[in-house]
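Undergrad: Contents are compact mmCIF, C-alpha atoms; file name data.txt:
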```txt
# COMPACT_ATOMS: atom_id res chain seq x y z
CA MET A 1 97.20 83.00 154.20
CA ASP A 2 97.13 85.99 151.89
CA THR A 3 95.27 88.73 153.74
CA ARG A 4 95.36 91.25 150.93
CA THR A 5 92.21 92.17 149.08
CA ARG A 6 91.63 90.92 145.57
CA ARG A 7 92.32 94.46 144.32
CA GLN A 8 95.66 94.65 146.16
CA ARG A 9 96.76 91.33 144.71
CA ALA A 10 95.78 92.44 141.22
CA ASP A 11 97.73 95.68 141.67
CA GLN A 12 100.76 93.69 142.82
CA ARG A 13 100.55 91.39 139.81
CA ALA A 14 100.32 94.44 137.51
CA ALA A 15 103.37 96.00 139.21
CA ASP A 16 105.34 92.72 138.85
CA GLN A 17 104.42 92.59 135.18
CA ARG A 18 105.64 96.14 134.64
CA VAL A 19 109.01 95.27 136.20
CA ALA A 20 109.28 92.12 134.07
CA ASP A 21 108.39 94.09 130.91
CA GLN A 22 110.98 96.71 131.72
CA ARG A 23 113.68 94.08 132.29
CA ALA A 24 112.78 92.41 128.99
CA ALA A 25 113.04 95.78 127.25
CA GLU A 26 116.44 96.38 128.85
CA ARG A 27 117.69 92.96 127.72
CA GLU A 28 116.48 93.70 124.22
CA SER A 29 118.18 97.08 124.10
CA ALA A 30 121.38 95.43 125.39
CA VAL A 31 121.22 93.10 122.38
CA ALA A 32 120.59 95.97 119.96
CA PRO A 33 122.09 99.06 121.57
CA ASP A 34 121.80 100.96 118.28
CA GLN A 35 118.07 101.36 118.95
CA ALA A 36 118.91 104.09 121.40
CA GLU A 37 120.16 106.49 118.73
CA PRO A 38 117.32 108.04 116.77
CA LEU A 39 117.31 107.26 113.05
CA LYS A 40 117.68 109.90 110.36
CA LEU A 41 114.55 110.34 108.27
CA GLY A 42 116.44 111.22 105.09
CA THR A 43 114.16 111.91 102.12
CA LEU A 44 111.10 110.83 104.13
CA ASP A 45 111.36 114.16 105.92
CA GLY A 46 109.85 115.93 102.90
CA HIS A 47 106.85 113.65 102.41
CA LEU A 48 103.55 114.94 103.77
CA GLY A 49 101.96 111.50 103.40
CA TYR A 50 104.39 110.00 105.91
CA PHE A 51 103.51 112.50 108.64
CA LEU A 52 99.79 112.42 107.78
CA ARG A 53 99.78 108.66 108.17
CA ARG A 54 101.63 108.74 111.50
CA LEU A 55 99.21 111.21 113.06
CA GLN A 56 96.21 109.40 111.56
CA ILE A 57 97.36 106.10 113.10
CA SER A 58 97.79 107.55 116.59
CA VAL A 59 94.48 109.39 116.34
CA PHE A 60 92.69 106.17 115.35
CA LYS A 61 94.45 104.25 118.13
CA ASP A 62 93.22 106.72 120.71
CA PHE A 63 89.74 106.74 119.20
CA ILE A 64 89.47 102.94 119.36
CA ARG A 65 90.86 102.87 122.91
CA THR A 66 88.53 105.63 124.11
CA LEU A 67 85.46 104.14 122.42
CA ALA A 68 86.26 100.62 123.67
CA PRO A 69 83.54 100.74 126.37
CA MET A 70 80.97 100.96 123.56
CA ASP A 71 83.02 98.76 121.17
CA VAL A 72 82.68 101.19 118.27
CA ARG A 73 85.24 101.59 115.47
CA PRO A 74 85.82 104.78 113.48
CA ALA A 75 83.90 103.64 110.37
CA GLN A 76 80.90 102.53 112.45
CA TYR A 77 80.90 105.87 114.22
CA SER A 78 80.95 107.77 110.91
CA VAL A 79 78.01 105.75 109.61
CA LEU A 80 75.98 106.31 112.79
CA LEU A 81 76.59 110.06 112.62
CA LEU A 82 75.68 110.31 108.94
CA VAL A 83 72.47 108.32 109.44
CA GLU A 84 71.64 110.55 112.40
CA ALA A 85 72.21 113.72 110.38
CA ASN A 86 70.46 112.36 107.28
CA PRO A 87 67.62 110.05 108.34
CA GLY A 88 65.98 108.12 105.51
CA ARG A 89 68.83 108.44 103.05
CA SER A 90 69.90 105.40 101.08
CA GLN A 91 72.67 102.96 101.80
CA ALA A 92 74.25 104.00 98.50
CA ALA A 93 74.24 107.68 99.48
CA ILE A 94 75.91 106.96 102.84
CA GLY A 95 78.50 104.71 101.22
CA HIS A 96 79.22 107.31 98.58
CA ALA A 97 79.63 110.13 101.10
CA LEU A 98 82.02 108.08 103.26
CA ASP A 99 83.76 106.41 100.33
CA ILE A 100 83.07 102.95 101.77
CA GLU A 101 82.67 100.27 99.14
CA ARG A 102 79.38 98.46 98.90
CA ALA A 103 80.25 95.05 100.39
CA ARG A 104 82.12 96.54 103.34
CA LEU A 105 79.24 98.92 104.09
CA ALA A 106 76.75 96.03 103.92
CA ARG A 107 78.78 94.10 106.55
CA LEU A 108 79.08 97.20 108.69
CA LEU A 109 75.33 97.94 108.56
CA HIS A 110 74.55 94.31 109.25
CA GLY A 111 76.57 94.63 112.48
CA LEU A 112 74.82 97.85 113.50
CA GLU A 113 71.43 96.30 112.74
CA GLY A 114 72.38 93.28 114.83
CA ARG A 115 73.01 95.56 117.77
CA GLY A 116 69.59 97.09 117.25
CA TRP A 117 70.99 100.54 116.50
CA ILE A 118 70.04 100.93 112.87
CA GLU A 119 67.00 100.04 110.86
CA ARG A 120 66.71 99.53 107.11
CA ARG A 121 63.32 100.21 105.54
CA ALA A 122 62.51 99.41 101.93
CA ALA A 123 62.32 102.69 100.06
CA ASN A 124 58.92 103.54 98.58
CA GLY A 125 57.93 101.16 95.84
CA ASP A 126 61.39 99.73 95.42
CA GLY A 127 62.46 96.42 96.87
CA ARG A 128 66.11 96.96 95.97
CA SER A 129 66.72 100.29 97.70
CA HIS A 130 66.80 100.82 101.46
CA SER A 131 66.46 103.90 103.60
CA LEU A 132 68.47 104.03 106.82
CA TYR A 133 67.28 105.23 110.22
CA LEU A 134 68.57 105.16 113.77
CA THR A 135 66.36 103.17 116.12
CA ARG A 136 65.43 104.52 119.55
CA ALA A 137 68.15 102.27 121.03
CA GLY A 138 70.58 103.61 118.43
CA GLU A 139 69.81 107.19 119.47
CA LYS A 140 70.40 106.31 123.10
CA ALA A 141 73.66 104.49 122.35
CA LEU A 142 74.82 107.42 120.25
CA VAL A 143 74.48 109.79 123.21
CA ARG A 144 77.01 107.68 125.14
CA ILE A 145 79.20 107.14 122.07
CA LYS A 146 79.36 110.87 121.36
CA ALA A 147 80.37 111.56 124.97
CA LEU A 148 83.34 109.20 124.55
CA ALA A 149 84.18 110.67 121.14
CA ALA A 150 84.22 114.13 122.72
CA ARG A 151 86.74 112.81 125.25
CA HIS A 152 88.89 111.56 122.37
CA GLU A 153 88.67 114.95 120.70
CA ALA A 154 89.70 116.62 123.97
CA TRP A 155 92.76 114.34 124.14
CA LEU A 156 93.57 115.46 120.61
CA ALA A 157 93.30 119.13 121.56
CA GLU A 158 95.60 118.46 124.48
CA THR A 159 98.10 116.51 122.36
CA LEU A 160 98.19 118.96 119.47
CA GLY A 161 97.27 122.13 121.32
CA SER A 162 93.77 123.51 120.75
CA LYS A 163 94.97 126.14 118.30
CA ARG A 164 96.86 123.65 116.17
CA ARG A 165 93.94 121.22 116.27
CA LEU A 166 91.61 123.90 114.89
CA LEU A 167 94.14 125.01 112.31
CA LEU A 168 94.56 121.44 111.04
CA LEU A 169 90.79 120.91 111.04
CA ASP A 170 90.29 124.06 108.95
CA HIS A 171 92.95 123.19 106.41
CA LEU A 172 92.05 119.51 106.12
CA LYS A 173 88.36 120.33 105.65
CA GLU A 174 89.17 121.98 102.39
CA PHE A 175 89.59 118.46 100.98
CA GLY A 176 86.88 116.70 102.99
CA MET B 1 84.02 86.67 59.94
CA ASP B 2 85.32 89.26 62.36
CA THR B 3 88.14 91.06 60.56
CA ARG B 4 89.08 93.34 63.45
CA THR B 5 92.34 92.85 65.32
CA ARG B 6 92.29 91.40 68.81
CA ARG B 7 93.12 94.89 70.12
CA GLN B 8 90.16 96.45 68.30
CA ARG B 9 87.80 93.83 69.66
CA ALA B 10 89.11 94.34 73.21
CA ASP B 11 88.66 98.12 72.83
CA GLN B 12 85.10 97.57 71.62
CA ARG B 13 84.31 95.30 74.58
CA ALA B 14 85.73 97.89 76.97
CA ALA B 15 83.63 100.63 75.33
CA ASP B 16 80.49 98.45 75.54
CA GLN B 17 81.22 97.83 79.22
CA ARG B 18 81.56 101.56 79.86
CA VAL B 19 78.17 102.19 78.25
CA ALA B 20 76.60 99.37 80.28
CA ASP B 21 78.17 100.71 83.49
CA GLN B 22 76.91 104.19 82.76
CA ARG B 23 73.38 102.93 82.09
CA ALA B 24 73.43 100.94 85.32
CA ALA B 25 74.57 104.04 87.18
CA GLU B 26 71.75 106.05 85.57
CA ARG B 27 69.19 103.43 86.56
CA GLU B 28 70.55 103.45 90.08
CA SER B 29 70.42 107.23 90.34
CA ALA B 30 66.84 107.16 88.97
CA VAL B 31 66.00 104.67 91.72
CA ALA B 32 67.79 106.70 94.38
CA PRO B 33 67.66 110.31 93.24
CA ASP B 34 68.59 111.35 96.78
CA GLN B 35 72.23 110.62 95.96
CA ALA B 36 72.39 113.90 94.11
CA GLU B 37 71.87 115.99 97.27
CA PRO B 38 75.00 116.19 99.39
CA LEU B 39 74.71 114.67 102.86
CA LYS B 40 75.06 116.70 106.03
CA LEU B 41 78.12 115.75 108.07
CA GLY B 42 76.49 116.45 111.43
CA THR B 43 78.78 115.80 114.39
CA LEU B 44 81.46 114.33 112.08
CA ASP B 45 82.22 117.90 111.05
CA GLY B 46 84.10 118.47 114.33
CA HIS B 47 86.30 115.38 114.22
CA LEU B 48 89.86 115.93 113.04
CA GLY B 49 90.39 112.17 112.64
CA TYR B 50 87.71 112.01 109.95
CA PHE B 51 89.36 114.67 107.78
CA LEU B 52 92.87 113.36 108.48
CA ARG B 53 91.81 109.93 107.29
CA ARG B 54 90.15 111.25 104.13
CA LEU B 55 93.23 113.18 103.06
CA GLN B 56 95.54 110.32 104.03
CA ILE B 57 93.56 107.90 101.86
CA SER B 58 93.68 110.14 98.78
CA VAL B 59 97.37 110.85 99.32
CA PHE B 60 98.13 107.12 99.54
CA LYS B 61 95.99 106.42 96.47
CA ASP B 62 97.97 108.94 94.45
CA PHE B 63 101.26 107.62 95.82
CA ILE B 64 100.44 104.03 94.84
CA ARG B 65 99.21 105.13 91.40
CA THR B 66 102.28 107.29 90.76
CA LEU B 67 104.73 104.65 92.00
CA ALA B 68 103.00 101.86 90.04
CA PRO B 69 105.72 101.76 87.35
CA MET B 70 108.15 100.64 90.09
CA ASP B 71 105.48 98.66 91.99
CA VAL B 72 106.40 100.23 95.34
CA ARG B 73 103.96 100.74 98.23
CA PRO B 74 104.25 103.46 100.87
CA ALA B 75 105.65 101.18 103.60
CA GLN B 76 108.27 99.71 101.25
CA TYR B 77 109.29 103.20 100.24
CA SER B 78 109.68 104.30 103.87
CA VAL B 79 111.87 101.29 104.64
CA LEU B 80 114.08 101.90 101.59
CA LEU B 81 114.56 105.55 102.56
CA LEU B 82 115.37 104.74 106.19
CA VAL B 83 117.89 102.08 105.18
CA GLU B 84 119.43 104.54 102.74
CA ALA B 85 119.71 107.24 105.42
CA ASN B 86 120.91 104.80 108.12
CA PRO B 87 123.01 102.06 106.53
CA GLY B 88 123.91 99.20 108.84
CA ARG B 89 121.17 99.79 111.39
CA SER B 90 119.21 96.85 112.69
CA GLN B 91 115.89 95.51 111.54
CA ALA B 92 114.54 96.25 115.04
CA ALA B 93 115.65 99.89 114.85
CA ILE B 94 113.98 100.39 111.45
CA GLY B 95 110.79 98.70 112.63
CA HIS B 96 110.75 100.78 115.78
CA ALA B 97 111.25 104.05 113.92
CA LEU B 98 108.46 103.30 111.44
CA ASP B 99 106.20 101.60 113.97
CA ILE B 100 105.92 98.48 111.82
CA GLU B 101 105.45 95.32 113.82
CA ARG B 102 108.09 92.62 113.58
CA ALA B 103 106.32 90.01 111.44
CA ARG B 104 105.08 92.55 108.91
CA LEU B 105 108.53 94.11 108.61
CA ALA B 106 110.07 90.66 108.09
CA ARG B 107 107.70 90.00 105.17
CA LEU B 108 108.35 93.43 103.74
CA LEU B 109 112.15 93.02 103.93
CA HIS B 110 111.89 89.54 102.45
CA GLY B 111 110.15 91.11 99.44
CA LEU B 112 112.79 93.83 99.08
CA GLU B 113 115.58 91.23 99.40
CA GLY B 114 113.86 89.12 96.74
CA ARG B 115 114.00 92.05 94.36
CA GLY B 116 117.71 92.40 95.12
CA TRP B 117 117.34 95.88 96.61
CA ILE B 118 118.23 95.18 100.21
CA GLU B 119 120.83 93.05 101.92
CA ARG B 120 120.81 91.72 105.48
CA ARG B 121 124.19 91.04 107.06
CA ALA B 122 124.59 89.33 110.43
CA ALA B 123 125.65 91.98 112.92
CA ASN B 124 129.09 91.46 114.49
CA GLY B 125 129.17 88.48 116.83
CA ASP B 126 125.41 88.12 116.99
CA GLY B 127 123.55 85.58 114.92
CA ARG B 128 120.17 86.95 115.92
CA SER B 129 120.65 90.57 114.88
CA HIS B 130 120.86 91.79 111.30
CA SER B 131 122.16 95.01 109.81
CA LEU B 132 120.40 96.38 106.75
CA TYR B 133 122.01 97.86 103.66
CA LEU B 134 120.88 98.92 100.20
CA THR B 135 122.50 96.92 97.41
CA ARG B 136 123.90 98.62 94.31
CA ALA B 137 120.69 97.62 92.49
CA GLY B 138 118.67 99.03 95.38
CA GLU B 139 120.45 102.37 95.10
CA LYS B 140 119.78 102.48 91.38
CA ALA B 141 116.11 101.57 91.82
CA LEU B 142 115.77 104.20 94.51
CA VAL B 143 116.87 106.94 92.10
CA ARG B 144 113.91 106.09 89.86
CA ILE B 145 111.57 105.58 92.80
CA LYS B 146 112.44 108.98 94.27
CA ALA B 147 111.81 110.66 90.94
CA LEU B 148 108.28 109.21 90.93
CA ALA B 149 107.77 110.10 94.61
CA ALA B 150 108.77 113.70 93.80
CA ARG B 151 106.09 113.70 91.11
CA HIS B 152 103.55 112.55 93.72
CA GLU B 153 104.66 115.31 96.09
CA ALA B 154 104.28 117.85 93.26
CA TRP B 155 100.70 116.64 92.72
CA LEU B 156 100.11 117.17 96.41
CA ALA B 157 101.46 120.72 96.25
CA GLU B 158 99.16 121.38 93.32
CA THR B 159 96.14 119.82 95.04
CA LEU B 160 96.64 121.53 98.40
CA GLY B 161 98.47 124.63 97.24
CA SER B 162 102.23 124.79 97.98
CA LYS B 163 101.73 127.06 100.97
CA ARG B 164 99.15 124.82 102.59
CA ARG B 165 101.25 121.74 101.87
CA LEU B 166 104.21 123.28 103.73
CA LEU B 167 102.02 124.48 106.56
CA LEU B 168 100.55 121.01 107.06
CA LEU B 169 104.01 119.44 106.82
CA ASP B 170 105.33 121.81 109.52
CA HIS B 171 102.46 121.19 111.90
CA LEU B 172 102.26 117.42 111.37
CA LYS B 173 106.02 117.05 111.88
CA GLU B 174 105.58 118.14 115.47
CA PHE B 175 104.17 114.65 116.08
CA GLY B 176 106.34 112.69 113.62
```
Mind turning the file's structure into structure tokens?

TA:
Amino acid sequence: MDTRTRRQRADQRAADQRVADQRAAERESAVAPDQAEPLKLGTLDGHLGYFLRRLQISVFKDFIRTLAPMDVRPAQYSVLLLVEANPGRSQAAIGHALDIERARLARLLHGLEGRGWIERRAANGDGRSHSLYLTRAGEKALVRIKALAARHEAWLAETLGSKRRLLLLDHLKEFG
Amino acid sequence: MDTRTRRQRADQRAADQRVADQRAAERESAVAPDQAEPLKLGTLDGHLGYFLRRLQISVFKDFIRTLAPMDVRPAQYSVLLLVEANPGRSQAAIGHALDIERARLARLLHGLEGRGWIERRAANGDGRSHSLYLTRAGEKALVRIKALAARHEAWLAETLGSKRRLLLLDHLKEFG
């Protein structure tokens, strides 16, 4: 009979998996030993877009991982923050500010409405235009979401160094 | 009878469409005058990822527009440059360096092979592993592609200022 706790067995399974993964990686690198030598970047080395994209991808990966407990993606987060900072503004204004095209924003808002976080009210005297507001539940959720987002930002400061993070923020804002 | 050429009629239709679009935009802004006032960013203002993403999107837009005459996308360009700088390296090594997952890289290479720019040769004594090389046609195409990419990079220097472009390049490379 296995006398270990459920937690101990789970830990053991995780450890076994790590060993198996490592062995698989070793087999793979035995097949393609050239992977060990780093590749030359060549002309890529002079392209800002390449390095921008790499950092942006790892930043988004960490954001999504860190916000997983609230299941919030970067674009949803941006919309929540803009609605919070600009209650009553139109869907079109939010979409324009975030450069999200109309159909994608509609889907995104539909999801946030479904979670009870956002409310669309018909703008005065106009059935076609809608003003956006956070609901009470949305405000509450946003408190928890922001706490996770702050953790992500702290990871970023640690990864880049706080000084470099601020320097990048300053320079990138010029084109925000 | 309409005596205009087909080209003249097409130009007229395009001009009519522009007028219609503009009128629709005016109606929309009359409906939602709030679009004129800029939105507050609120908490977004402190998130590096937001500004990184905005710049990355405009950089990629300009890249795609500038490279349109050669119909080359950023990921294809990166692969071509890495194969140029590292002839004979494996598909796995290129994918690993660029962080492109296996299936996507396979499709991408298939496209570049189809255009006659890249060649896959079975690596010595291993049917499963392939070494990548530029073809003669690939080298020729890359001369033209690089000239366009240099034009894109010049636009970037103009947009950001040369000093800021170099500063960002330096700092972002730390995490390349």

Undergrad: Please build the interface table for chain A against chain B with a cut-off of 8 Å, listing for each qualifying residue the nearest atom pair and the distance in Å to one decimal; count only C-alpha atoms, order rows by chain and increasing number, and write it as a tab-separated table.

TA:
```
residue	atom	partner	partner_atom	distance
A:Val31	CA	B:Ser129	CA	7.9
A:Ala32	CA	B:Ser129	CA	7.4
A:Asp34	CA	B:Arg89	CA	7.0
A:Gln35	CA	B:Ala93	CA	5.0
A:Pro38	CA	B:Ala97	CA	7.8
A:Leu39	CA	B:Asn86	CA	6.6
A:Lys40	CA	B:Ala85	CA	6.0
A:Leu41	CA	B:Leu82	CA	6.0
A:Gly42	CA	B:Ala85	CA	5.2
A:Thr43	CA	B:Leu81	CA	6.4
A:Leu44	CA	B:Leu81	CA	6.5
A:Gly46	CA	B:Leu169	CA	7.9
A:His47	CA	B:Glu153	CA	6.9
A:Leu48	CA	B:Leu169	CA	5.5
A:Gly49	CA	B:Val59	CA	6.2
A:Phe51	CA	B:Gly176	CA	5.7
A:Leu52	CA	B:Gln56	CA	6.0
A:Arg53	CA	B:Gln56	CA	6.2
A:Arg54	CA	B:Gly176	CA	6.5
A:Leu55	CA	B:Phe175	CA	6.7
A:Gln56	CA	B:Leu52	CA	6.0
A:Val59	CA	B:Gly49	CA	6.2
A:Phe60	CA	B:Gly49	CA	7.0
A:Ser78	CA	B:Leu44	CA	6.7
A:Leu81	CA	B:Thr43	CA	6.4
A:Leu82	CA	B:Leu41	CA	6.0
A:Glu84	CA	B:Gly42	CA	7.7
A:Ala85	CA	B:Gly42	CA	5.2
A:Asn86	CA	B:Lys40	CA	6.4
A:Arg89	CA	B:Asp34	CA	6.9
A:Ser90	CA	B:Ala32	CA	7.1
A:Ala92	CA	B:Gln35	CA	7.4
A:Ala93	CA	B:Gln35	CA	5.0
A:Ile94	CA	B:Leu39	CA	7.8
A:Ala97	CA	B:Leu39	CA	6.9
A:Asp126	CA	B:Val31	CA	7.7
A:Ser129	CA	B:Ala32	CA	7.3
A:Glu153	CA	B:His47	CA	6.9
A:Arg164	CA	B:His171	CA	7.5
A:Arg165	CA	B:Leu48	CA	7.4
A:Leu168	CA	B:Leu168	CA	7.2
A:Leu169	CA	B:Leu48	CA	5.4
A:His171	CA	B:Arg164	CA	7.5
A:Leu172	CA	B:Phe51	CA	5.8
A:Lys173	CA	B:Phe51	CA	6.1
A:Phe175	CA	B:Leu55	CA	6.7
A:Gly176	CA	B:Phe51	CA	5.8
```

Undergrad: Rank nothing, just name the residue among A:Gly161, A:Pro87, A:Gly116, A:Pro69 nearest to Arg136 of chain A, using only C-alpha atoms.

TA: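 Nearest candidate to Arg136 of chain A out of A:Gly161, A:Pro87, A:Gly116, A:Pro69: A:Gly116.
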
Undergrad: From the list B:Asp71, B:Tyr133, B:Ala147, B:Arg65, which residue is nearest Arg121 of chain B when using all atoms listed in the file?

TA: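 Among B:Asp71, B:Tyr133, B:Ala147, B:Arg65, it is B:Tyr133 that comes nearest to Arg121 of chain B.
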
Undergrad: Identify which of the residues A:Lys61, A:Arg104, A:Thr66, A:Arg115 lies closest to Ala141 of chain A, counting all atoms listed in the file when measuring atom-to-atom distances.

TA: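 Using all atoms listed in the file, Ala141 of chain A sits closest to A:Arg115.
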
Undergrad: Using atom CA of Ile118 of chain B and atom CA of Gly138 of chain B as the two end points, give the distance in Å to one decimal.

TA: 6.2 Å
